[in-house]
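Written below as structure tokens is the structure these notes are about.
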Number of protein chains: 2
Amino acid sequence: MTWLAVDWGTSRLRIWKNGNRDALIETDQGMNVLGADDYAPIIAAHDAEIAVVCGMAGARQGWREAPYSTVPCTPHHAPLTFQSGRTRVHILPGLSQSSPADVMRGEETQIAGFLALNEGWDGVICLPGTHTKWAHVSAGEVVSFQTFMTGELFALLSEASVLRHTLRQGHAPEAFADAVDTAMSRPAAIAAQLFRLRAENLLHDLAPDDAYARASGLLIGAELAAAKPYWLGQQVAVIGTGQMADNYAAALAAQGAAPARADATDTTLAGLKAAYEAL
Amino acid sequence: MTWLAVDWGTSRLRIWKNGNRDALIETDQGMNVLGADDYAPIIAAHDAEIAVVCGMAGARQGWREAPYSTVPCTPHHAPLTFQSGRTRVHILPGLSQSSPADVMRGEETQIAGFLALNEGWDGVICLPGTHTKWAHVSAGEVVSFQTFMTGELFALLSEASVLRHTLRQGHAPEAFADAVDTAMSRPAAIAAQLFRLRAENLLHDLAPDDAYARASGLLIGAELAAAKPYWLGQQVAVIGTGQMADNYAAALAAQGAAPARADATDTTLAGLKAAYEAL
């Protein structure tokens, strides 16, 4: 018997055979490059009896639409189940919130995985990414959540804006921390503070790695200011690895929030396993 | 005797022969697509004795670098003058500000033109654009100024982000005004409010023209909140035509600022003429 744990995102597909962390197949066959008929052959190639799928495969533009579950609710709900060749496919639904309107697909499985790995945990989970999510979790339910476009804004600024030649990734934790403070105390001004990086580079030779760290700090600082009702005085966990998640954790720590950390792959896989075991 | 008034921008070149508003030659031969040797033949083709040039032709990556004048100063300074074929070329310098670091090239000529058309005017001039400028003008000098990347952020969001299918330009002044208020009272949250447009479109069928107006209102509202020390209690003028300048003027009017309006072409040409007459 073979089963597949599948994280089918916008730009990336990851499959683990039999829930084995070391048996990863990773491709760029994300939703963005697939039509509705392209999913079945990709799964069929693995000749599995069962596939448990989270992420954008369940979106309207994905394989088959798995309607959202509405918060407050547990992060795991009955999947959309159908037969595809010899594989029984179970697509896990995302979460939606009516007011303020918000949606997630995939992160709910990381949240479920985090709760599977940390039984009885209550608090606020921050999932940094292209669209960073903050989820308030209590008694095993997602009570509410909020999405920020911070990651996508940073990508657009660093790759496609007038700042693209001014920013270069490096290691500049002090510049980052300063910029977080600047934006937290005056978040409205970030569109001016961002242009100032270009002017400081022209006039005062601001180093590109400092500029990069400051741009990131400005955007994350504004987000932390807005998300303060979420994290202030709460137990906080940051799910994710790499520079961006480290930045969120450092900024929260500087505010006294002392976040727990968890690995994104661990939590995704734990969430898919928990869904498989619940079938 | 022929002289050319030349506005040489990042993406656009405009030439008026003998300062005549109706004798406009407009092309997309902006700095972005030119090397340093490409400027002279373009000017030579017009067989003029004099060319007075403002904008990015004077940038480091332009034709010849015209060093910035530093504020506080008048918006017009001695041009960088050189011979190119039979044409005597005068490139007007931009303005810089040391702290907070900031730069402009081209807008100083619009400011000079506005002051030529409105003698003795004191107050704050707002120049909406890709990089919107706010300039505090007193006794014929630019005292200080501040640049916001608002226009470029909006272009990136509406053309290259997850919101690109959610936004469509239309006429939705109420949605715009609501969003300005939202962002002015809580500017930190705009990265969340922007994602909410996508979620409201998915969940509640938010109309794309309302979403477009709200995205614009969120960005401009945050800018107005940050620029409040500039415009509050001041005489304000908005230089520009079209939807974006109208939006700034409407948002300022809703705040009780009652801005004067001026046309961008009129002010540019008046500034170039004033520089020509001062040669």
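Every chain in the structure tokens has a letter given in the order shown (A, B, ...), and although residue numbers restart at 1 in each chain, ligands are simply numbered from 1 in the order shown.
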
Inset, instruction - Run DSSP on the backbone and give me the residues of stretch 210-278 of chain A it puts in helix (DSSP H, G or I), as an NGL selection string. - result: :A and (210-226 or 228-231 or 243-254 or 264-277)

Inset, instruction - Just need the residues of chain A within 8 Å of chain B, counting only C-alpha atoms, so spit them out as a PyMOL selection string. - result: chain A and resi 98+100-103+146-150+152-153+156-157+160-161+184+186-189+191-196+199-200+203+222-223+225-227

To test your reading of the structure, identify every residue in stretch 71-258 of chain B that backbone DSSP assigns to strand (DSSP E), and report it as a compact mmCIF listing (two decimals) with all heavy atoms, in the first residue's frame.
```
# COMPACT_ATOMS: atom_id res chain seq x y z
N LEU B 80 23.84 73.07 -16.30
CA LEU B 80 25.06 72.50 -16.88
C LEU B 80 25.00 72.81 -18.38
O LEU B 80 24.07 72.38 -19.06
CB LEU B 80 25.08 70.99 -16.64
CG LEU B 80 26.22 70.24 -17.31
CD1 LEU B 80 27.52 70.47 -16.53
CD2 LEU B 80 25.91 68.75 -17.40
N THR B 81 25.97 73.56 -18.87
CA THR B 81 25.91 74.04 -20.25
C THR B 81 27.07 73.46 -21.06
O THR B 81 28.20 73.43 -20.59
CB THR B 81 25.98 75.58 -20.28
OG1 THR B 81 24.82 76.09 -19.59
CG2 THR B 81 25.97 76.11 -21.71
N PHE B 82 26.75 72.98 -22.27
CA PHE B 82 27.80 72.46 -23.16
C PHE B 82 27.30 72.54 -24.60
O PHE B 82 26.10 72.70 -24.85
CB PHE B 82 28.18 71.02 -22.78
CG PHE B 82 27.03 70.05 -22.77
CD1 PHE B 82 26.75 69.27 -23.89
CD2 PHE B 82 26.21 69.91 -21.64
CE1 PHE B 82 25.69 68.37 -23.88
CE2 PHE B 82 25.16 69.02 -21.64
CZ PHE B 82 24.89 68.24 -22.76
N GLN B 83 28.24 72.45 -25.54
CA GLN B 83 27.91 72.51 -26.95
C GLN B 83 27.72 71.10 -27.49
O GLN B 83 28.52 70.20 -27.19
CB GLN B 83 29.04 73.22 -27.72
CG GLN B 83 28.69 73.65 -29.13
CD GLN B 83 27.70 74.83 -29.16
OE1 GLN B 83 27.63 75.60 -28.19
NE2 GLN B 83 26.92 74.93 -30.22
N SER B 84 26.66 70.87 -28.24
CA SER B 84 26.42 69.56 -28.87
C SER B 84 26.06 69.85 -30.32
O SER B 84 24.96 70.28 -30.63
CB SER B 84 25.28 68.85 -28.14
OG SER B 84 24.95 67.65 -28.83
N THR B 87 24.03 72.96 -31.40
CA THR B 87 23.09 73.33 -30.33
C THR B 87 23.82 73.54 -29.01
O THR B 87 24.66 72.73 -28.62
CB THR B 87 22.03 72.21 -30.13
OG1 THR B 87 21.47 71.87 -31.39
CG2 THR B 87 20.96 72.66 -29.15
N ARG B 88 23.51 74.67 -28.37
CA ARG B 88 24.00 74.93 -27.02
C ARG B 88 22.98 74.29 -26.07
O ARG B 88 21.81 74.69 -26.05
CB ARG B 88 24.10 76.44 -26.81
CG ARG B 88 24.84 76.85 -25.57
CD ARG B 88 26.27 77.28 -25.93
NE ARG B 88 27.03 77.60 -24.73
CZ ARG B 88 28.25 77.10 -24.48
NH1 ARG B 88 28.84 76.28 -25.34
NH2 ARG B 88 28.89 77.46 -23.39
N VAL B 89 23.41 73.31 -25.28
CA VAL B 89 22.51 72.55 -24.42
C VAL B 89 22.66 73.02 -22.98
O VAL B 89 23.78 73.19 -22.48
CB VAL B 89 22.81 71.04 -24.51
CG1 VAL B 89 21.92 70.25 -23.54
CG2 VAL B 89 22.63 70.54 -25.94
N HIS B 90 21.53 73.26 -22.33
CA HIS B 90 21.51 73.68 -20.92
C HIS B 90 20.67 72.68 -20.14
O HIS B 90 19.45 72.65 -20.28
CB HIS B 90 20.91 75.08 -20.78
CG HIS B 90 21.57 76.11 -21.63
ND1 HIS B 90 22.64 76.86 -21.20
CD2 HIS B 90 21.32 76.52 -22.90
CE1 HIS B 90 23.02 77.69 -22.16
NE2 HIS B 90 22.24 77.51 -23.21
N ILE B 91 21.32 71.84 -19.33
CA ILE B 91 20.58 70.86 -18.53
C ILE B 91 20.35 71.43 -17.13
O ILE B 91 21.30 71.80 -16.43
CB ILE B 91 21.32 69.52 -18.44
CG1 ILE B 91 21.51 68.92 -19.84
CG2 ILE B 91 20.57 68.55 -17.55
CD1 ILE B 91 22.12 67.53 -19.85
N LEU B 95 17.04 68.73 -7.57
CA LEU B 95 17.24 69.14 -6.18
C LEU B 95 17.53 67.91 -5.32
O LEU B 95 16.99 66.83 -5.56
CB LEU B 95 15.99 69.83 -5.63
CG LEU B 95 15.51 71.11 -6.32
CD1 LEU B 95 14.33 71.70 -5.57
CD2 LEU B 95 16.63 72.13 -6.44
N SER B 96 18.37 68.12 -4.32
CA SER B 96 18.58 67.05 -3.33
C SER B 96 18.41 67.63 -1.94
O SER B 96 18.48 68.85 -1.72
CB SER B 96 19.97 66.43 -3.48
OG SER B 96 20.96 67.35 -3.08
N GLN B 97 18.16 66.73 -1.01
CA GLN B 97 18.02 67.09 0.40
C GLN B 97 18.88 66.09 1.16
O GLN B 97 18.80 64.88 0.93
CB GLN B 97 16.55 66.96 0.79
CG GLN B 97 16.22 67.25 2.23
CD GLN B 97 14.70 67.26 2.42
OE1 GLN B 97 14.03 68.23 2.20
NE2 GLN B 97 14.18 66.11 2.80
N ASP B 102 16.81 62.77 0.05
CA ASP B 102 15.77 62.76 -0.98
C ASP B 102 16.31 63.45 -2.23
O ASP B 102 17.25 64.25 -2.15
CB ASP B 102 14.51 63.47 -0.48
CG ASP B 102 13.23 62.80 -0.98
OD1 ASP B 102 13.26 62.25 -2.10
OD2 ASP B 102 12.23 62.85 -0.26
N VAL B 103 15.72 63.12 -3.37
CA VAL B 103 16.15 63.70 -4.65
C VAL B 103 14.94 63.91 -5.56
O VAL B 103 13.94 63.21 -5.45
CB VAL B 103 17.15 62.77 -5.40
CG1 VAL B 103 18.49 62.72 -4.67
CG2 VAL B 103 16.59 61.36 -5.57
N MET B 104 15.06 64.90 -6.46
CA MET B 104 14.08 65.05 -7.54
C MET B 104 14.80 65.55 -8.78
O MET B 104 15.81 66.25 -8.70
CB MET B 104 12.94 66.02 -7.15
CG MET B 104 13.34 67.46 -6.95
SD MET B 104 11.90 68.60 -6.87
CE MET B 104 11.17 68.27 -5.28
N GLY B 123 3.43 77.93 0.15
CA GLY B 123 2.61 76.81 0.59
C GLY B 123 3.27 75.48 0.26
O GLY B 123 4.50 75.38 0.20
N VAL B 124 2.42 74.47 0.06
CA VAL B 124 2.91 73.12 -0.18
C VAL B 124 2.41 72.65 -1.54
O VAL B 124 1.22 72.74 -1.84
CB VAL B 124 2.43 72.17 0.94
CG1 VAL B 124 2.68 70.72 0.56
CG2 VAL B 124 3.15 72.52 2.23
N ILE B 125 3.34 72.17 -2.37
CA ILE B 125 3.00 71.68 -3.70
C ILE B 125 3.11 70.16 -3.70
O ILE B 125 4.13 69.60 -3.31
CB ILE B 125 3.93 72.29 -4.77
CG1 ILE B 125 3.76 73.83 -4.77
CG2 ILE B 125 3.63 71.71 -6.14
CD1 ILE B 125 4.67 74.53 -5.77
N CYS B 126 2.03 69.52 -4.13
CA CYS B 126 1.99 68.06 -4.26
C CYS B 126 2.04 67.72 -5.74
O CYS B 126 1.23 68.22 -6.52
CB CYS B 126 0.71 67.53 -3.62
SG CYS B 126 0.41 65.77 -3.93
N LEU B 127 3.01 66.89 -6.14
CA LEU B 127 3.17 66.49 -7.54
C LEU B 127 2.97 64.97 -7.65
O LEU B 127 3.94 64.21 -7.53
CB LEU B 127 4.55 66.88 -8.07
CG LEU B 127 4.87 68.37 -7.98
CD1 LEU B 127 5.93 68.63 -6.92
CD2 LEU B 127 5.35 68.90 -9.32
N THR B 132 5.60 60.31 -6.00
CA THR B 132 4.93 61.57 -5.67
C THR B 132 5.80 62.42 -4.76
O THR B 132 6.41 61.93 -3.81
CB THR B 132 3.59 61.26 -4.98
OG1 THR B 132 2.75 60.59 -5.92
CG2 THR B 132 2.91 62.53 -4.50
N LYS B 133 5.87 63.73 -5.11
CA LYS B 133 6.68 64.68 -4.33
C LYS B 133 5.77 65.63 -3.57
O LYS B 133 4.76 66.10 -4.13
CB LYS B 133 7.57 65.52 -5.26
CG LYS B 133 8.38 64.75 -6.28
CD LYS B 133 9.59 64.09 -5.68
CE LYS B 133 10.38 63.31 -6.72
NZ LYS B 133 11.49 62.55 -6.16
N TRP B 134 6.16 65.97 -2.35
CA TRP B 134 5.56 67.05 -1.58
C TRP B 134 6.67 68.06 -1.32
O TRP B 134 7.70 67.70 -0.73
CB TRP B 134 5.03 66.54 -0.24
CG TRP B 134 3.88 65.58 -0.37
CD1 TRP B 134 3.96 64.25 -0.66
CD2 TRP B 134 2.49 65.88 -0.19
NE1 TRP B 134 2.71 63.70 -0.70
CE2 TRP B 134 1.78 64.68 -0.40
CE3 TRP B 134 1.79 67.04 0.11
CZ2 TRP B 134 0.40 64.60 -0.32
CZ3 TRP B 134 0.41 66.96 0.20
CH2 TRP B 134 -0.28 65.75 -0.02
N ALA B 135 6.45 69.31 -1.74
CA ALA B 135 7.49 70.32 -1.57
C ALA B 135 6.94 71.51 -0.80
O ALA B 135 5.88 72.04 -1.14
CB ALA B 135 8.01 70.78 -2.94
N HIS B 136 7.66 71.90 0.23
CA HIS B 136 7.29 73.07 1.01
C HIS B 136 8.01 74.27 0.40
O HIS B 136 9.24 74.31 0.36
CB HIS B 136 7.69 72.87 2.47
CG HIS B 136 7.40 74.05 3.33
ND1 HIS B 136 8.04 74.28 4.53
CD2 HIS B 136 6.53 75.07 3.16
CE1 HIS B 136 7.57 75.41 5.05
NE2 HIS B 136 6.66 75.89 4.25
N VAL B 137 7.22 75.24 -0.11
CA VAL B 137 7.76 76.39 -0.83
C VAL B 137 7.50 77.65 -0.03
O VAL B 137 6.37 77.90 0.40
CB VAL B 137 7.09 76.50 -2.22
CG1 VAL B 137 7.49 77.81 -2.89
CG2 VAL B 137 7.46 75.32 -3.08
N SER B 138 8.54 78.44 0.17
CA SER B 138 8.38 79.71 0.90
C SER B 138 9.33 80.74 0.33
O SER B 138 10.52 80.45 0.11
CB SER B 138 8.65 79.48 2.39
OG SER B 138 8.54 80.70 3.10
N GLU B 141 11.66 79.81 -2.46
CA GLU B 141 12.59 78.69 -2.27
C GLU B 141 11.86 77.39 -1.93
O GLU B 141 10.79 77.41 -1.32
CB GLU B 141 13.55 79.00 -1.10
CG GLU B 141 14.51 80.13 -1.38
CD GLU B 141 15.74 80.06 -0.47
OE1 GLU B 141 15.60 79.56 0.67
OE2 GLU B 141 16.82 80.50 -0.91
N VAL B 142 12.46 76.28 -2.34
CA VAL B 142 12.02 74.98 -1.84
C VAL B 142 12.72 74.77 -0.50
O VAL B 142 13.95 74.66 -0.44
CB VAL B 142 12.36 73.84 -2.82
CG1 VAL B 142 11.97 72.50 -2.22
CG2 VAL B 142 11.65 74.07 -4.15
N VAL B 143 11.93 74.75 0.57
CA VAL B 143 12.50 74.64 1.92
C VAL B 143 12.85 73.18 2.23
O VAL B 143 13.91 72.87 2.77
CB VAL B 143 11.49 75.17 2.96
CG1 VAL B 143 12.05 75.05 4.36
CG2 VAL B 143 11.12 76.61 2.63
N SER B 144 11.93 72.29 1.89
CA SER B 144 12.15 70.85 2.11
C SER B 144 11.19 70.10 1.21
O SER B 144 10.24 70.67 0.67
CB SER B 144 11.88 70.47 3.57
OG SER B 144 10.51 70.62 3.88
N PHE B 145 11.47 68.81 1.02
CA PHE B 145 10.53 68.00 0.22
C PHE B 145 10.61 66.54 0.64
O PHE B 145 11.55 66.13 1.34
CB PHE B 145 10.77 68.17 -1.28
CG PHE B 145 12.09 67.65 -1.79
CD1 PHE B 145 12.17 66.40 -2.40
CD2 PHE B 145 13.25 68.40 -1.67
CE1 PHE B 145 13.39 65.92 -2.88
CE2 PHE B 145 14.47 67.92 -2.15
CZ PHE B 145 14.53 66.68 -2.75
N GLN B 146 9.59 65.79 0.23
CA GLN B 146 9.54 64.37 0.60
C GLN B 146 8.91 63.59 -0.55
O GLN B 146 7.92 64.01 -1.13
CB GLN B 146 8.70 64.19 1.87
CG GLN B 146 8.71 62.77 2.39
CD GLN B 146 8.27 62.67 3.85
OE1 GLN B 146 7.56 63.53 4.35
NE2 GLN B 146 8.70 61.61 4.51
N THR B 147 9.50 62.44 -0.86
CA THR B 147 9.04 61.60 -1.96
C THR B 147 8.39 60.34 -1.42
O THR B 147 8.91 59.72 -0.48
CB THR B 147 10.24 61.18 -2.84
OG1 THR B 147 10.92 62.35 -3.28
CG2 THR B 147 9.78 60.37 -4.05
N PHE B 148 7.27 59.94 -2.01
CA PHE B 148 6.59 58.69 -1.68
C PHE B 148 6.52 57.81 -2.92
O PHE B 148 6.19 58.29 -4.00
CB PHE B 148 5.15 58.96 -1.19
CG PHE B 148 5.08 59.62 0.15
CD1 PHE B 148 5.31 60.98 0.28
CD2 PHE B 148 4.79 58.89 1.28
CE1 PHE B 148 5.24 61.60 1.52
CE2 PHE B 148 4.71 59.50 2.53
CZ PHE B 148 4.94 60.86 2.65
N VAL B 236 -2.32 74.57 -0.25
CA VAL B 236 -1.83 73.40 -0.98
C VAL B 236 -2.20 73.52 -2.46
O VAL B 236 -3.28 73.99 -2.80
CB VAL B 236 -2.46 72.09 -0.41
CG1 VAL B 236 -1.97 70.88 -1.19
CG2 VAL B 236 -2.13 71.94 1.07
N ALA B 237 -1.26 73.11 -3.33
CA ALA B 237 -1.55 73.02 -4.76
C ALA B 237 -1.19 71.62 -5.24
O ALA B 237 -0.16 71.07 -4.85
CB ALA B 237 -0.74 74.06 -5.54
N VAL B 238 -2.06 71.04 -6.07
CA VAL B 238 -1.78 69.75 -6.70
C VAL B 238 -1.48 70.02 -8.17
O VAL B 238 -2.31 70.56 -8.89
CB VAL B 238 -2.98 68.79 -6.57
CG1 VAL B 238 -2.74 67.51 -7.36
CG2 VAL B 238 -3.26 68.48 -5.10
N ILE B 239 -0.27 69.64 -8.59
CA ILE B 239 0.11 69.80 -9.99
C ILE B 239 -0.07 68.46 -10.69
O ILE B 239 0.55 67.47 -10.32
CB ILE B 239 1.58 70.27 -10.13
CG1 ILE B 239 1.75 71.66 -9.50
CG2 ILE B 239 1.98 70.29 -11.61
CD1 ILE B 239 3.15 72.23 -9.65
```

Inset, instruction - Please provide the set of residues having any atom within 12 Å of B:Ala78, restricted to only C-alpha atoms, with same-chain residues fewer than 6 positions apart removed, written as number ranges by chain. - result: B: 52, 66-69, 90-94, 275-276, 278-279

Grab the residues selected above and save them as a PDB file, in the first residue's frame with C-alpha atoms.
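Final output, out.pdb:
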```pdb
ATOM      1  CA  VAL B  52      16.858  73.841 -22.298  1.00  0.00           C
ATOM      2  CA  ALA B  66      24.063  67.883 -13.712  1.00  0.00           C
ATOM      3  CA  PRO B  67      24.853  67.834  -9.977  1.00  0.00           C
ATOM      4  CA  TYR B  68      21.902  68.406  -7.666  1.00  0.00           C
ATOM      5  CA  SER B  69      21.283  71.754  -5.962  1.00  0.00           C
ATOM      6  CA  HIS B  90      21.511  73.678 -20.922  1.00  0.00           C
ATOM      7  CA  ILE B  91      20.576  70.861 -18.530  1.00  0.00           C
ATOM      8  CA  LEU B  92      18.738  72.081 -15.424  1.00  0.00           C
ATOM      9  CA  PRO B  93      19.925  70.478 -12.191  1.00  0.00           C
ATOM     10  CA  GLY B  94      17.585  68.557  -9.906  1.00  0.00           C
ATOM     11  CA  ALA B 275      15.035  79.067 -17.432  1.00  0.00           C
ATOM     12  CA  TYR B 276      15.417  80.029 -21.108  1.00  0.00           C
ATOM     13  CA  ALA B 278      17.203  83.642 -17.509  1.00  0.00           C
ATOM     14  CA  LEU B 279      20.047  82.410 -19.750  1.00  0.00           C
TER      15      LEU B 279
END
```

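The smallest atom-to-atom distance between A:Glu108 and any of A:Asp209, A:Thr74, A:Pro41, A:Gly120, using only C-alpha atoms, is found for A:Thr74.
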
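The nearest approach to B:Lys228 among the residues B:Ala257, B:Ala40, B:Ala179, B:Leu167, with only C-alpha atoms taken into account, belongs to B:Ala257.
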
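Taking atom CA of B:Gly129 and atom CA of B:Glu26 as endpoints, the distance between them is 18.3 Å.
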
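The space between atom CA of B:Gly106 and atom CA of B:Gly85 spans 24.4 Å.
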
Legend entry - Point-to-point distance from atom CA of A:Thr70 to atom CA of A:Asn118, Å rounded to tenths: 23.2 Å

Shell around B:Leu272 at 9 Å using only C-alpha atoms, local window under 4 positions removed, as a CSV table (one decimal) with all heavy atoms, in the first residue's frame:
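Output file selection-v3.csv follows:
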```
chain,number,residue,atom,x,y,z
B,5,ALA,N,12.4,73.5,-25.7
B,5,ALA,CA,12.1,73.2,-24.3
B,5,ALA,C,11.9,71.7,-24.3
B,5,ALA,O,11.1,71.1,-25.0
B,5,ALA,CB,10.8,73.9,-23.9
B,6,VAL,N,12.8,71.1,-23.4
B,6,VAL,CA,12.9,69.6,-23.4
B,6,VAL,C,12.6,69.0,-22.0
B,6,VAL,O,13.3,69.4,-21.1
B,6,VAL,CB,14.3,69.2,-23.9
B,6,VAL,CG1,14.3,67.6,-24.0
B,6,VAL,CG2,14.6,69.8,-25.3
B,7,ASP,N,11.6,68.2,-21.9
B,7,ASP,CA,11.4,67.4,-20.7
B,7,ASP,C,11.8,66.0,-21.0
B,7,ASP,O,11.0,65.2,-21.6
B,7,ASP,CB,9.9,67.6,-20.3
B,7,ASP,CG,9.5,66.8,-19.1
B,7,ASP,OD1,10.4,66.5,-18.3
B,7,ASP,OD2,8.3,66.5,-18.9
B,19,GLY,N,9.1,77.0,-27.3
B,19,GLY,CA,8.3,77.2,-26.1
B,19,GLY,C,6.8,77.2,-26.4
B,19,GLY,O,6.0,77.7,-25.6
B,52,VAL,N,16.9,73.8,-23.8
B,52,VAL,CA,16.9,73.8,-22.3
B,52,VAL,C,16.2,72.6,-21.8
B,52,VAL,O,15.0,72.3,-22.2
B,52,VAL,CB,16.1,75.1,-21.8
B,52,VAL,CG1,16.0,75.1,-20.3
B,52,VAL,CG2,16.7,76.3,-22.4
B,53,VAL,N,16.9,71.8,-21.0
B,53,VAL,CA,16.5,70.4,-20.7
B,53,VAL,C,16.3,70.2,-19.2
B,53,VAL,O,17.1,70.6,-18.4
B,53,VAL,CB,17.6,69.4,-21.2
B,53,VAL,CG1,17.1,68.0,-21.0
B,53,VAL,CG2,17.9,69.7,-22.7
B,54,CYS,N,15.1,69.6,-18.8
B,54,CYS,CA,15.0,69.2,-17.5
B,54,CYS,C,14.7,67.7,-17.4
B,54,CYS,O,14.4,67.1,-18.4
B,54,CYS,CB,13.8,69.9,-16.8
B,54,CYS,SG,12.2,69.5,-17.3
B,92,LEU,N,19.1,71.5,-16.7
B,92,LEU,CA,18.7,72.1,-15.4
B,92,LEU,C,19.0,71.0,-14.3
B,92,LEU,O,18.6,69.9,-14.5
B,92,LEU,CB,17.3,72.5,-15.4
B,92,LEU,CG,16.9,73.5,-16.5
B,92,LEU,CD1,15.4,73.8,-16.4
B,92,LEU,CD2,17.7,74.8,-16.4
B,109,THR,N,11.5,71.9,-12.0
B,109,THR,CA,11.1,72.8,-13.1
B,109,THR,C,9.6,73.0,-13.1
B,109,THR,O,9.2,74.2,-13.4
B,109,THR,CB,11.6,72.2,-14.4
B,109,THR,OG1,13.0,72.0,-14.3
B,109,THR,CG2,11.3,73.1,-15.6
B,110,GLN,N,8.8,72.0,-12.7
B,110,GLN,CA,7.4,72.3,-12.6
B,110,GLN,C,7.1,73.2,-11.4
B,110,GLN,O,6.2,74.1,-11.5
B,110,GLN,CB,6.7,71.0,-12.3
B,110,GLN,CG,6.6,70.0,-13.5
B,110,GLN,CD,5.7,68.8,-13.2
B,110,GLN,OE1,4.5,69.0,-12.9
B,110,GLN,NE2,6.3,67.6,-13.3
B,112,ALA,N,9.2,75.6,-10.3
B,112,ALA,CA,9.6,76.9,-10.8
B,112,ALA,C,8.6,77.5,-11.7
B,112,ALA,O,8.3,78.7,-11.7
B,112,ALA,CB,11.0,76.8,-11.5
B,113,GLY,N,8.0,76.6,-12.6
B,113,GLY,CA,7.0,77.1,-13.5
B,113,GLY,C,5.7,77.5,-12.8
B,113,GLY,O,5.1,78.5,-13.1
B,267,THR,N,2.9,73.8,-16.2
B,267,THR,CA,4.0,74.2,-15.3
B,267,THR,C,5.4,73.8,-15.8
B,267,THR,O,6.3,74.5,-15.6
B,267,THR,CB,3.7,73.6,-13.9
B,267,THR,OG1,3.5,72.2,-14.1
B,267,THR,CG2,2.5,74.2,-13.3
B,268,THR,N,5.4,72.6,-16.4
B,268,THR,CA,6.7,72.2,-17.0
B,268,THR,C,7.2,73.2,-18.0
B,268,THR,O,8.4,73.7,-18.0
B,268,THR,CB,6.6,70.8,-17.7
B,268,THR,OG1,6.2,69.9,-16.7
B,268,THR,CG2,8.0,70.4,-18.2
B,276,TYR,N,14.9,79.5,-19.8
B,276,TYR,CA,15.4,80.0,-21.1
B,276,TYR,C,15.6,81.5,-21.0
B,276,TYR,O,16.6,82.1,-21.4
B,276,TYR,CB,14.4,79.7,-22.2
B,276,TYR,CG,14.7,80.3,-23.5
B,276,TYR,CD1,15.8,80.0,-24.3
B,276,TYR,CD2,13.9,81.3,-24.0
B,276,TYR,CE1,16.1,80.6,-25.5
B,276,TYR,CE2,14.1,82.0,-25.2
B,276,TYR,CZ,15.2,81.6,-26.0
B,276,TYR,OH,15.5,82.2,-27.2
B,277,GLU,N,14.6,82.2,-20.4
B,277,GLU,CA,14.7,83.7,-20.4
B,277,GLU,C,15.8,84.1,-19.4
B,277,GLU,O,16.3,85.2,-19.5
B,277,GLU,CB,13.3,84.2,-19.9
B,277,GLU,CG,12.3,84.2,-21.1
B,277,GLU,CD,10.8,84.2,-20.6
B,277,GLU,OE1,10.6,84.4,-19.4
B,277,GLU,OE2,10.0,83.9,-21.4
```

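Here the question is which of A:Gln235, A:Gly170, A:Ala36, A:Gly9 gets nearest to A:Arg105 using only C-alpha atoms, and that residue is A:Gly9.
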